[in-house]
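Asker: One file: target_4.cif (mmCIF, C-alpha atoms).
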data_entry
loop_
_atom_site.group_PDB
_atom_site.id
_atom_site.type_symbol
_atom_site.label_atom_id
_atom_site.label_comp_id
_atom_site.auth_asym_id
_atom_site.auth_seq_id
_atom_site.Cartn_x
_atom_site.Cartn_y
_atom_site.Cartn_z
ATOM 1 C CA MET S 1348 19.992 13.113 28.048
ATOM 2 C CA VAL S 1349 18.279 13.197 24.678
ATOM 3 C CA LYS S 1350 15.742 10.476 23.840
ATOM 4 C CA ILE S 1351 16.576 9.225 20.352
ATOM 5 C CA ASN S 1352 14.493 6.434 18.797
ATOM 6 C CA GLY S 1353 13.259 5.556 22.270
ATOM 7 C CA GLU S 1354 16.717 5.283 23.877
ATOM 8 C CA PRO S 1355 18.397 7.864 26.138
ATOM 9 C CA GLN S 1356 21.542 9.162 24.433
ATOM 10 C CA ASP S 1357 24.278 11.455 25.733
ATOM 11 C CA ALA S 1358 23.882 13.814 22.774
ATOM 12 C CA ALA S 1359 23.010 17.174 24.355
ATOM 13 C CA GLY S 1360 25.076 20.021 22.941
ATOM 14 C CA GLN S 1361 25.588 18.409 19.530
ATOM 15 C CA SER S 1362 23.805 19.509 16.399
ATOM 16 C CA VAL S 1363 21.450 17.035 14.756
ATOM 17 C CA ALA S 1364 23.827 16.888 11.781
ATOM 18 C CA ALA S 1365 26.797 16.079 14.033
ATOM 19 C CA TYR S 1366 24.847 13.432 15.940
ATOM 20 C CA LEU S 1367 23.669 11.717 12.736
ATOM 21 C CA GLU S 1368 27.196 11.589 11.375
ATOM 22 C CA ALA S 1369 28.794 10.428 14.631
ATOM 23 C CA ALA S 1370 26.166 7.722 15.140
ATOM 24 C CA GLY S 1371 26.596 6.438 11.600
ATOM 25 C CA TYR S 1372 23.281 7.397 9.969
ATOM 26 C CA ASP S 1373 23.087 8.188 6.272
ATOM 27 C CA SER S 1374 21.463 11.622 6.500
ATOM 28 C CA ARG S 1375 20.216 11.411 2.879
ATOM 29 C CA ALA S 1376 18.216 8.265 3.648
ATOM 30 C CA VAL S 1377 16.544 9.369 6.881
ATOM 31 C CA ALA S 1378 13.867 11.778 8.044
ATOM 32 C CA VAL S 1379 14.006 13.371 11.476
ATOM 33 C CA GLU S 1380 11.195 14.276 13.841
ATOM 34 C CA TYR S 1381 12.379 16.732 16.510
ATOM 35 C CA ASN S 1382 10.086 17.176 19.508
ATOM 36 C CA GLU S 1383 7.150 15.864 17.442
ATOM 37 C CA ALA S 1384 7.678 18.185 14.473
ATOM 38 C CA ILE S 1385 9.364 17.379 11.160
ATOM 39 C CA LEU S 1386 12.890 18.774 11.042
ATOM 40 C CA PRO S 1387 13.788 19.754 7.462
ATOM 41 C CA LYS S 1388 17.239 18.584 6.329
ATOM 42 C CA ALA S 1389 18.358 22.197 5.886
ATOM 43 C CA GLN S 1390 17.981 22.690 9.650
ATOM 44 C CA TYR S 1391 20.035 19.660 10.788
ATOM 45 C CA ALA S 1392 23.232 21.683 11.159
ATOM 46 C CA ALA S 1393 21.641 24.591 13.031
ATOM 47 C CA THR S 1394 19.541 22.531 15.446
ATOM 48 C CA GLN S 1395 21.297 21.945 18.769
ATOM 49 C CA LEU S 1396 20.156 18.968 20.845
ATOM 50 C CA ALA S 1397 19.332 19.724 24.475
ATOM 51 C CA ASP S 1398 18.457 17.669 27.548
ATOM 52 C CA GLY S 1399 14.871 16.455 27.361
ATOM 53 C CA ASP S 1400 14.603 16.617 23.564
ATOM 54 C CA VAL S 1401 12.839 13.727 21.861
ATOM 55 C CA VAL S 1402 14.111 12.734 18.424
ATOM 56 C CA GLU S 1403 12.909 10.101 15.971
ATOM 57 C CA ILE S 1404 15.111 9.079 13.053
ATOM 58 C CA VAL S 1405 13.294 6.995 10.441
ATOM 59 C CA CYS S 1406 13.803 5.519 6.996
ATOM 60 C CA PHE S 1407 11.854 3.468 4.451
ATOM 61 C CA MET S 1408 11.869 -0.297 4.807
ATOM 62 C CA GLY S 1409 10.134 -3.142 3.009
ATOM 63 C CA GLY S 1410 6.445 -3.294 3.826
ATOM 64 C CA GLY S 1411 3.133 -4.368 2.395
ATOM 65 C CA CYS S 1412 0.245 -6.614 3.267
ATOM 66 C CA MET H 887 -3.802 -2.226 -27.708
ATOM 67 C CA VAL H 888 -5.438 1.193 -28.034
ATOM 68 C CA GLN H 889 -8.247 -0.056 -25.798
ATOM 69 C CA ASN H 890 -5.741 -1.049 -23.106
ATOM 70 C CA GLU H 891 -3.983 2.282 -23.318
ATOM 71 C CA GLU H 892 -7.270 3.988 -22.563
ATOM 72 C CA ASP H 893 -8.036 1.719 -19.615
ATOM 73 C CA LEU H 894 -5.857 3.403 -17.023
ATOM 74 C CA LEU H 895 -6.039 3.416 -13.246
ATOM 75 C CA GLU H 896 -6.309 6.999 -12.015
ATOM 76 C CA LEU H 897 -5.272 7.879 -8.485
ATOM 77 C CA GLY H 898 -4.986 11.446 -7.298
ATOM 78 C CA GLY H 899 -4.664 12.761 -10.845
ATOM 79 C CA ARG H 900 -1.896 10.274 -11.740
ATOM 80 C CA LYS H 901 -2.510 7.554 -14.330
ATOM 81 C CA PHE H 902 -1.194 4.010 -14.198
ATOM 82 C CA ALA H 903 -1.333 1.224 -16.789
ATOM 83 C CA SER H 904 -0.725 -1.492 -14.167
ATOM 84 C CA ARG H 905 -3.445 -2.482 -11.736
ATOM 85 C CA PHE H 906 -1.147 -4.535 -9.526
ATOM 86 C CA ILE H 907 0.111 -2.768 -6.397
ATOM 87 C CA LEU H 908 3.097 -4.607 -5.023
ATOM 88 C CA GLY H 909 4.266 -4.764 -1.412
ATOM 89 C CA SER H 910 7.962 -4.921 -0.574
ATOM 90 C CA GLY H 911 7.804 -6.646 2.824
ATOM 91 C CA LYS H 912 9.068 -10.024 3.975
ATOM 92 C CA TYR H 913 11.527 -10.633 1.141
ATOM 93 C CA SER H 914 15.065 -9.595 0.386
ATOM 94 C CA LEU H 915 15.975 -6.257 -1.161
ATOM 95 C CA GLN H 916 17.826 -8.175 -3.858
ATOM 96 C CA LEU H 917 14.511 -9.616 -5.113
ATOM 97 C CA ILE H 918 12.644 -6.313 -5.350
ATOM 98 C CA GLU H 919 13.839 -5.336 -8.804
ATOM 99 C CA ALA H 920 12.858 -8.699 -10.326
ATOM 100 C CA ALA H 921 9.539 -8.640 -8.471
ATOM 101 C CA VAL H 922 8.676 -5.164 -9.758
ATOM 102 C CA ARG H 923 9.730 -6.058 -13.291
ATOM 103 C CA ASP H 924 7.874 -9.366 -13.468
ATOM 104 C CA ALA H 925 4.800 -7.951 -11.711
ATOM 105 C CA GLY H 926 4.754 -5.044 -14.161
ATOM 106 C CA ALA H 927 4.044 -2.951 -11.049
ATOM 107 C CA GLU H 928 4.086 0.835 -11.177
ATOM 108 C CA ILE H 929 3.215 1.345 -7.498
ATOM 109 C CA VAL H 930 5.160 -0.267 -4.635
ATOM 110 C CA THR H 931 4.367 0.080 -0.943
ATOM 111 C CA VAL H 932 7.029 0.674 1.705
ATOM 112 C CA ALA H 933 6.925 1.051 5.488
ATOM 113 C CA VAL H 934 8.456 3.770 7.676
ATOM 114 C CA ARG H 935 10.492 2.541 10.629
ATOM 115 C CA ARG H 936 13.133 3.756 13.051
ATOM 116 C CA ALA H 937 16.454 3.786 11.210
ATOM 117 C CA ASN H 938 19.204 1.453 12.312
ATOM 118 C CA THR H 939 22.838 2.594 12.160
ATOM 119 C CA LYS H 940 23.974 -0.972 11.518
ATOM 120 C CA GLU H 941 21.874 -1.200 8.360
ATOM 121 C CA HIS H 942 23.397 0.717 5.490
ATOM 122 C CA GLU H 943 21.303 -0.652 2.665
ATOM 123 C CA ASN H 944 18.647 1.756 1.437
ATOM 124 C CA ILE H 945 15.532 0.141 -0.026
ATOM 125 C CA LEU H 946 15.189 3.076 -2.422
ATOM 126 C CA ASP H 947 18.368 1.921 -4.169
ATOM 127 C CA TYR H 948 16.584 -1.326 -5.087
ATOM 128 C CA ILE H 949 13.282 0.086 -6.356
ATOM 129 C CA PRO H 950 13.350 1.198 -10.010
ATOM 130 C CA LYS H 951 13.127 4.981 -10.295
ATOM 131 C CA GLN H 952 10.001 5.069 -12.472
ATOM 132 C CA VAL H 953 7.977 3.347 -9.722
ATOM 133 C CA THR H 954 5.595 5.438 -7.590
ATOM 134 C CA LEU H 955 6.248 4.807 -3.912
ATOM 135 C CA LEU H 956 3.252 4.327 -1.662
ATOM 136 C CA PRO H 957 4.445 4.653 1.946
ATOM 137 C CA ASN H 958 2.132 3.069 4.485
ATOM 138 C CA THR H 959 1.500 4.079 8.072
ATOM 139 C CA SER H 960 1.809 0.556 9.467
ATOM 140 C CA GLY H 961 2.701 0.586 13.129
ATOM 141 C CA ALA H 962 0.252 3.425 13.783
ATOM 142 C CA ARG H 963 -2.293 2.663 16.520
ATOM 143 C CA THR H 964 -4.106 6.004 16.338
ATOM 144 C CA ALA H 965 -5.034 8.614 13.735
ATOM 145 C CA GLU H 966 -2.452 10.952 15.258
ATOM 146 C CA GLU H 967 0.347 8.392 14.861
ATOM 147 C CA ALA H 968 -0.692 7.769 11.262
ATOM 148 C CA VAL H 969 -0.493 11.502 10.536
ATOM 149 C CA ARG H 970 2.997 11.678 12.111
ATOM 150 C CA ILE H 971 4.192 8.729 10.021
ATOM 151 C CA ALA H 972 2.733 10.302 6.853
ATOM 152 C CA HIS H 973 4.616 13.519 7.565
ATOM 153 C CA LEU H 974 7.861 11.591 8.030
ATOM 154 C CA ALA H 975 7.219 9.641 4.830
ATOM 155 C CA ARG H 976 6.732 12.845 2.861
ATOM 156 C CA GLU H 977 9.919 14.259 4.382
ATOM 157 C CA LEU H 978 11.755 11.172 3.095
ATOM 158 C CA GLY H 979 11.129 12.765 -0.274
ATOM 159 C CA CYS H 980 9.127 10.368 -2.415
ATOM 160 C CA GLY H 981 5.933 12.236 -3.153
ATOM 161 C CA ASP H 982 2.518 12.761 -1.627
ATOM 162 C CA PHE H 983 1.018 9.280 -1.780
ATOM 163 C CA VAL H 984 0.211 7.623 1.531
ATOM 164 C CA LYS H 985 -1.595 4.425 2.448
ATOM 165 C CA ILE H 986 -3.288 4.776 5.829
ATOM 166 C CA GLU H 987 -3.000 1.688 8.017
ATOM 167 C CA ILE H 988 -4.154 2.011 11.620
ATOM 168 C CA MET H 989 -4.358 -1.105 13.759
ATOM 169 C CA ARG H 990 -5.207 -1.273 17.428
ATOM 170 C CA ASP H 991 -5.558 -5.026 17.429
ATOM 171 C CA SER H 992 -2.242 -6.863 17.314
ATOM 172 C CA LYS H 993 -3.693 -10.371 17.022
ATOM 173 C CA TYR H 994 -5.883 -10.033 13.913
ATOM 174 C CA LEU H 995 -4.335 -6.764 12.665
ATOM 175 C CA LEU H 996 -7.746 -5.409 11.709
ATOM 176 C CA PRO H 997 -7.848 -1.759 10.643
ATOM 177 C CA ASP H 998 -9.540 0.815 12.877
ATOM 178 C CA ASN H 999 -12.083 2.268 10.443
ATOM 179 C CA GLU H 1000 -13.079 5.280 12.555
ATOM 180 C CA ALA H 1001 -9.485 6.400 13.173
ATOM 181 C CA THR H 1002 -8.739 5.771 9.483
ATOM 182 C CA VAL H 1003 -11.466 8.236 8.467
ATOM 183 C CA ARG H 1004 -10.022 10.898 10.793
ATOM 184 C CA ALA H 1005 -6.450 10.439 9.525
ATOM 185 C CA THR H 1006 -7.681 10.465 5.905
ATOM 186 C CA GLU H 1007 -9.519 13.749 6.430
ATOM 187 C CA GLN H 1008 -6.485 15.410 8.008
ATOM 188 C CA LEU H 1009 -3.976 14.219 5.417
ATOM 189 C CA ALA H 1010 -6.218 14.913 2.412
ATOM 190 C CA LYS H 1011 -6.601 18.505 3.698
ATOM 191 C CA GLU H 1012 -2.808 18.742 3.772
ATOM 192 C CA GLY H 1013 -2.599 17.729 0.123
ATOM 193 C CA PHE H 1014 -1.680 14.065 0.436
ATOM 194 C CA ILE H 1015 -3.067 11.522 -2.021
ATOM 195 C CA VAL H 1016 -4.638 9.254 0.580
ATOM 196 C CA LEU H 1017 -5.344 5.557 0.049
ATOM 197 C CA PRO H 1018 -6.950 4.203 3.216
ATOM 198 C CA TYR H 1019 -6.820 0.519 4.144
ATOM 199 C CA MET H 1020 -10.112 -0.464 5.749
ATOM 200 C CA TYR H 1021 -12.475 -3.186 6.843
ATOM 201 C CA PRO H 1022 -15.073 -3.344 4.048
ATOM 202 C CA ASP H 1023 -17.977 -1.379 5.441
ATOM 203 C CA LEU H 1024 -20.192 0.798 3.231
ATOM 204 C CA ASN H 1025 -20.756 3.517 5.829
ATOM 205 C CA THR H 1026 -17.026 3.898 6.454
ATOM 206 C CA ALA H 1027 -16.341 3.914 2.726
ATOM 207 C CA ARG H 1028 -18.827 6.780 2.275
ATOM 208 C CA ASP H 1029 -17.113 8.650 5.109
ATOM 209 C CA LEU H 1030 -13.761 8.090 3.377
ATOM 210 C CA VAL H 1031 -15.154 9.585 0.156
ATOM 211 C CA ASP H 1032 -16.300 12.646 2.116
ATOM 212 C CA ALA H 1033 -12.905 12.802 3.858
ATOM 213 C CA GLY H 1034 -11.131 13.163 0.505
ATOM 214 C CA ALA H 1035 -9.677 9.693 -0.076
ATOM 215 C CA ALA H 1036 -8.260 9.000 -3.555
ATOM 216 C CA ALA H 1037 -9.293 5.324 -3.397
ATOM 217 C CA VAL H 1038 -10.590 2.836 -0.856
ATOM 218 C CA MET H 1039 -8.590 -0.279 0.029
ATOM 219 C CA PRO H 1040 -10.796 -2.920 1.668
ATOM 220 C CA LEU H 1041 -9.240 -6.084 3.082
ATOM 221 C CA ALA H 1042 -10.151 -9.410 1.465
ATOM 222 C CA ALA H 1043 -9.085 -11.475 4.494
ATOM 223 C CA PRO H 1044 -6.864 -11.027 7.566
ATOM 224 C CA ILE H 1045 -3.550 -9.535 6.480
ATOM 225 C CA GLY H 1046 -0.884 -12.065 5.584
ATOM 226 C CA SER H 1047 -3.363 -14.957 5.679
ATOM 227 C CA ASN H 1048 -3.486 -15.770 1.925
ATOM 228 C CA LYS H 1049 -7.126 -16.807 2.471
ATOM 229 C CA GLY H 1050 -8.590 -14.936 -0.484
ATOM 230 C CA LEU H 1051 -11.889 -13.116 -0.919
ATOM 231 C CA VAL H 1052 -13.402 -13.876 2.484
ATOM 232 C CA THR H 1053 -15.203 -10.486 2.466
ATOM 233 C CA LYS H 1054 -16.308 -10.824 -1.159
ATOM 234 C CA GLU H 1055 -19.970 -9.785 -0.710
ATOM 235 C CA PHE H 1056 -18.992 -6.620 1.162
ATOM 236 C CA ILE H 1057 -16.278 -5.668 -1.303
ATOM 237 C CA GLN H 1058 -18.845 -6.059 -4.092
ATOM 238 C CA ILE H 1059 -21.116 -3.588 -2.283
ATOM 239 C CA LEU H 1060 -18.258 -1.066 -2.179
ATOM 240 C CA ILE H 1061 -17.509 -1.600 -5.886
ATOM 241 C CA ASP H 1062 -21.187 -1.070 -6.728
ATOM 242 C CA GLU H 1063 -21.829 1.934 -4.493
ATOM 243 C CA ILE H 1064 -18.598 3.916 -4.100
ATOM 244 C CA ASP H 1065 -17.490 6.296 -6.824
ATOM 245 C CA LEU H 1066 -13.757 5.855 -6.162
ATOM 246 C CA PRO H 1067 -11.331 3.122 -7.213
ATOM 247 C CA ILE H 1068 -11.734 0.091 -4.943
ATOM 248 C CA ILE H 1069 -8.358 -1.576 -4.481
ATOM 249 C CA VAL H 1070 -8.559 -5.022 -2.910
ATOM 250 C CA ASP H 1071 -5.884 -5.241 -0.248
ATOM 251 C CA ALA H 1072 -4.705 -7.847 2.271
ATOM 252 C CA GLY H 1073 -5.415 -11.543 2.250
ATOM 253 C CA ILE H 1074 -5.263 -12.190 -1.505
ATOM 254 C CA GLY H 1075 -3.282 -15.426 -1.662
ATOM 255 C CA SER H 1076 -3.361 -16.605 -5.274
ATOM 256 C CA PRO H 1077 -3.582 -15.294 -8.829
ATOM 257 C CA ALA H 1078 -7.038 -16.922 -9.145
ATOM 258 C CA GLN H 1079 -8.282 -14.820 -6.229
ATOM 259 C CA ALA H 1080 -6.735 -11.665 -7.690
ATOM 260 C CA CYS H 1081 -8.403 -12.426 -11.023
ATOM 261 C CA GLU H 1082 -11.767 -12.897 -9.320
ATOM 262 C CA ALA H 1083 -11.432 -9.555 -7.524
ATOM 263 C CA MET H 1084 -10.741 -7.859 -10.851
ATOM 264 C CA GLN H 1085 -13.696 -9.635 -12.514
ATOM 265 C CA MET H 1086 -15.892 -8.214 -9.747
ATOM 266 C CA GLY H 1087 -14.847 -4.723 -10.812
ATOM 267 C CA ALA H 1088 -12.035 -3.923 -8.421
ATOM 268 C CA ALA H 1089 -9.836 -1.147 -9.804
ATOM 269 C CA ALA H 1090 -6.638 -2.845 -8.657
ATOM 270 C CA VAL H 1091 -5.296 -5.551 -6.375
ATOM 271 C CA MET H 1092 -2.516 -5.318 -3.845
ATOM 272 C CA ALA H 1093 -0.412 -8.336 -2.869
ATOM 273 C CA ASN H 1094 2.715 -8.980 -0.859
ATOM 274 C CA THR H 1095 2.598 -12.062 1.374
ATOM 275 C CA ALA H 1096 1.269 -14.238 -1.466
ATOM 276 C CA LEU H 1097 4.495 -13.516 -3.336
ATOM 277 C CA ALA H 1098 6.849 -13.440 -0.370
ATOM 278 C CA THR H 1099 5.722 -16.909 0.749
ATOM 279 C CA ALA H 1100 5.638 -18.420 -2.773
ATOM 280 C CA GLY H 1101 8.246 -20.916 -3.956
ATOM 281 C CA ASN H 1102 9.489 -18.596 -6.729
ATOM 282 C CA LEU H 1103 8.756 -14.950 -6.075
ATOM 283 C CA PRO H 1104 9.370 -13.384 -9.518
ATOM 284 C CA LEU H 1105 7.419 -16.174 -11.240
ATOM 285 C CA MET H 1106 4.485 -15.664 -8.856
ATOM 286 C CA ALA H 1107 4.711 -11.916 -9.516
ATOM 287 C CA ALA H 1108 4.299 -12.643 -13.228
ATOM 288 C CA ALA H 1109 1.374 -14.983 -12.520
ATOM 289 C CA PHE H 1110 -0.387 -12.245 -10.528
ATOM 290 C CA ARG H 1111 0.286 -9.734 -13.302
ATOM 291 C CA ASP H 1112 -1.322 -12.000 -15.910
ATOM 292 C CA ALA H 1113 -4.267 -12.863 -13.635
ATOM 293 C CA ILE H 1114 -4.995 -9.208 -12.886
ATOM 294 C CA ILE H 1115 -4.851 -8.316 -16.575
ATOM 295 C CA ALA H 1116 -7.166 -11.249 -17.399
ATOM 296 C CA GLY H 1117 -9.632 -10.335 -14.650
ATOM 297 C CA ARG H 1118 -9.744 -6.734 -15.792
ATOM 298 C CA LYS H 1119 -10.415 -7.784 -19.385
ATOM 299 C CA ALA H 1120 -13.199 -10.104 -18.220
ATOM 300 C CA TYR H 1121 -14.794 -7.291 -16.211
ATOM 301 C CA ARG H 1122 -14.644 -4.918 -19.153
ATOM 302 C CA ALA H 1123 -16.003 -7.587 -21.484
ATOM 303 C CA GLY H 1124 -18.929 -8.326 -19.161
ATOM 304 C CA LEU H 1125 -19.236 -11.871 -17.837
ATOM 305 C CA GLY H 1126 -21.769 -14.217 -19.410
ATOM 306 C CA ARG H 1127 -24.887 -15.028 -17.428
ATOM 307 C CA VAL H 1128 -25.242 -17.981 -15.045
ATOM 308 C CA LEU H 1129 -28.309 -20.206 -15.388
ATOM 309 C CA ALA H 1130 -30.355 -20.738 -12.242
ATOM 310 C CA ARG H 1131 -30.937 -24.325 -13.377
ATOM 311 C CA GLY H 1132 -30.837 -26.524 -16.428
ATOM 312 C CA ALA H 1133 -28.634 -26.232 -19.514
ATOM 313 C CA ALA H 1134 -28.469 -24.211 -22.713
ATOM 314 C CA ALA H 1135 -26.884 -25.641 -25.829
ATOM 315 C CA SER H 1136 -24.326 -23.637 -27.742
ATOM 316 C CA ASP H 1137 -24.714 -25.879 -30.773
ATOM 317 C CA PRO H 1138 -27.584 -25.444 -33.258
ATOM 318 C CA LEU H 1139 -30.777 -27.245 -32.200
ATOM 319 C CA THR H 1140 -31.765 -28.101 -35.775
ATOM 320 C CA GLY H 1141 -30.262 -30.109 -38.641
ATOM 321 C CA PHE H 1142 -29.573 -33.297 -36.689
ATOM 322 C CA LEU H 1143 -28.648 -36.411 -38.737
ATOM 323 C CA ARG H 1144 -31.842 -38.269 -38.000
ATOM 324 C CA ASP H 1145 -35.409 -38.550 -39.291
#
Translate this structure into structure tokens?
Answerer:
Amino acid sequence: MVKINGEPQDAAGQSVAAYLEAAGYDSRAVAVEYNEAILPKAQYAATQLADGDVVEIVCFMGGGC
Amino acid sequence: MVQNEEDLLELGGRKFASRFILGSGKYSLQLIEAAVRDAGAEIVTVAVRRANTKEHENILDYIPKQVTLLPNTSGARTAEEAVRIAHLARELGCGDFVKIEIMRDSKYLLPDNEATVRATEQLAKEGFIVLPYMYPDLNTARDLVDAGAAAVMPLAAPIGSNKGLVTKEFIQILIDEIDLPIIVDAGIGSPAQACEAMQMGAAAVMANTALATAGNLPLMAAAFRDAIIAGRKAYRAGLGRVLARGAAASDPLTGFLRD
């Protein structure tokens, strides 16, 4: 299993790009942290998810004080 | 007008005519454009959160392109988490500005000053333009200067409280002693309070909840804009003195119609 945004997902074997598309994320609007390091967009297609990987997928939302 | 053009807010080498930093939380995306326009804001804060596949609206589509985005690190409980969030924010592709927010306390949401200094030092070294949110403390503010902050953002009152300049005396100390822009953040609840902060010599004011909880958000944004401009003018003009006691006539004290 791959832990994505805190939830275990059956995504091992897919590329990050394929996972984002299949799950319905807009890859232009998100940033990805892969095992605690920033994953540049250019590497989404070449990065294969494996069991035990930890992925965070984030975007901007409204926020202030 | 020439005078106003020269009176710019400088942050990290960038210059801004507006001294009103606007938050984008707690109101609908559809209101952001009107809020930015009526506030005259050139800097808008945003948060970084886990993306949701069910949500296909992108806040960036609602923020006018000429606006400088100031991502915050809200949600961070440690310096390390703040640094991670800053990295993700930069990867989202909207520049090098970051507002450090680190809170360990979930009841009062008070910033962790010591962790804020550490995160500021790290991110400034990496080339970020760092605006740290802090509890107004002179020693911490001096540490933030040494750490490479581009400004210091002391809280006026507990975040979201709309209580105004509760920490006024301590913010004044920062304004008087720290050679960086002091941006009053958190707790400002009304245009009068924003104006007072500017009269004290604050470089800018940030507001969000005061607008989000107002009856008419764009109209309140315009009221804040005008108050901040007025307060800045008053500061630059230099306020008149206050008498310790008694009165002082403004009218001539001779030429009365008697005797």
Asker: Rank H:Ala1043, H:Ala1107, H:Ala1089, H:Met1020 by their smallest atom-to-atom distance to H:Asp893, using all atoms listed in the file, and report the top residue only.
Answerer: H:Ala1089
Asker: To test your reading of the syntax: which residues would the PyMOL selection byres ((chain S) within 6 of (chain H)) return for the file shown? Reply as an NGL selection string.
Answerer: :S and (1371-1372 or 1378 or 1404-1412)
Asker: If you measure from atom CA of H:Met989 to atom CA of S:Lys1350, what distance in Å do you get, rounded to one decimal?
Answerer: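 Distance between the two atoms: 25.3 Å.
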Asker: Which residues come within 12 Å of H:Glu1082, counting all atoms listed in the file, excluding same-chain residues fewer than 5 positions away, as a list in words?
Answerer: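 Everything that qualifies: Ala1042, Gly1050, Leu1051, Val1052, Lys1054, Ile1057, Gln1058, Val1070, Ile1074, Gly1075, Ser1076, Pro1077, Gly1087, Ala1088, Ala1089, Ala1090, Val1091, Phe1110, Ala1113, Ile1114, Ile1115, Ala1116, Gly1117, Arg1118, Lys1119, Ala1120, Tyr1121 and Leu1125 of chain H.
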Asker: In Å to one decimal, how far is atom CA of H:Phe983 from atom CA of H:Val969?
Answerer: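 It comes out at 12.6 Å.
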Asker: When you look at H:Leu1105 with a cut-off of 9 Å (counting all atoms listed in the file), what residues show up, excluding the ones that are within fewer than 4 positions of it in the same chain? I need them as a compact mmCIF listing (two decimals) with C-alpha atoms, keeping the file's coordinate frame.
Answerer:
# COMPACT_ATOMS: atom_id res chain seq x y z
CA ALA H 921 9.54 -8.64 -8.47
CA ASP H 924 7.87 -9.37 -13.47
CA ALA H 925 4.80 -7.95 -11.71
CA LEU H 1097 4.50 -13.52 -3.34
CA ALA H 1100 5.64 -18.42 -2.77
CA GLY H 1101 8.25 -20.92 -3.96
CA ALA H 1109 1.37 -14.98 -12.52
CA PHE H 1110 -0.39 -12.24 -10.53
Asker: Distance atom CA of S:Ile1385-atom CA of S:Asp1357, one decimal place?
Answerer: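 We find that atom CA of S:Ile1385 and atom CA of S:Asp1357 lie 21.7 Å from each other.
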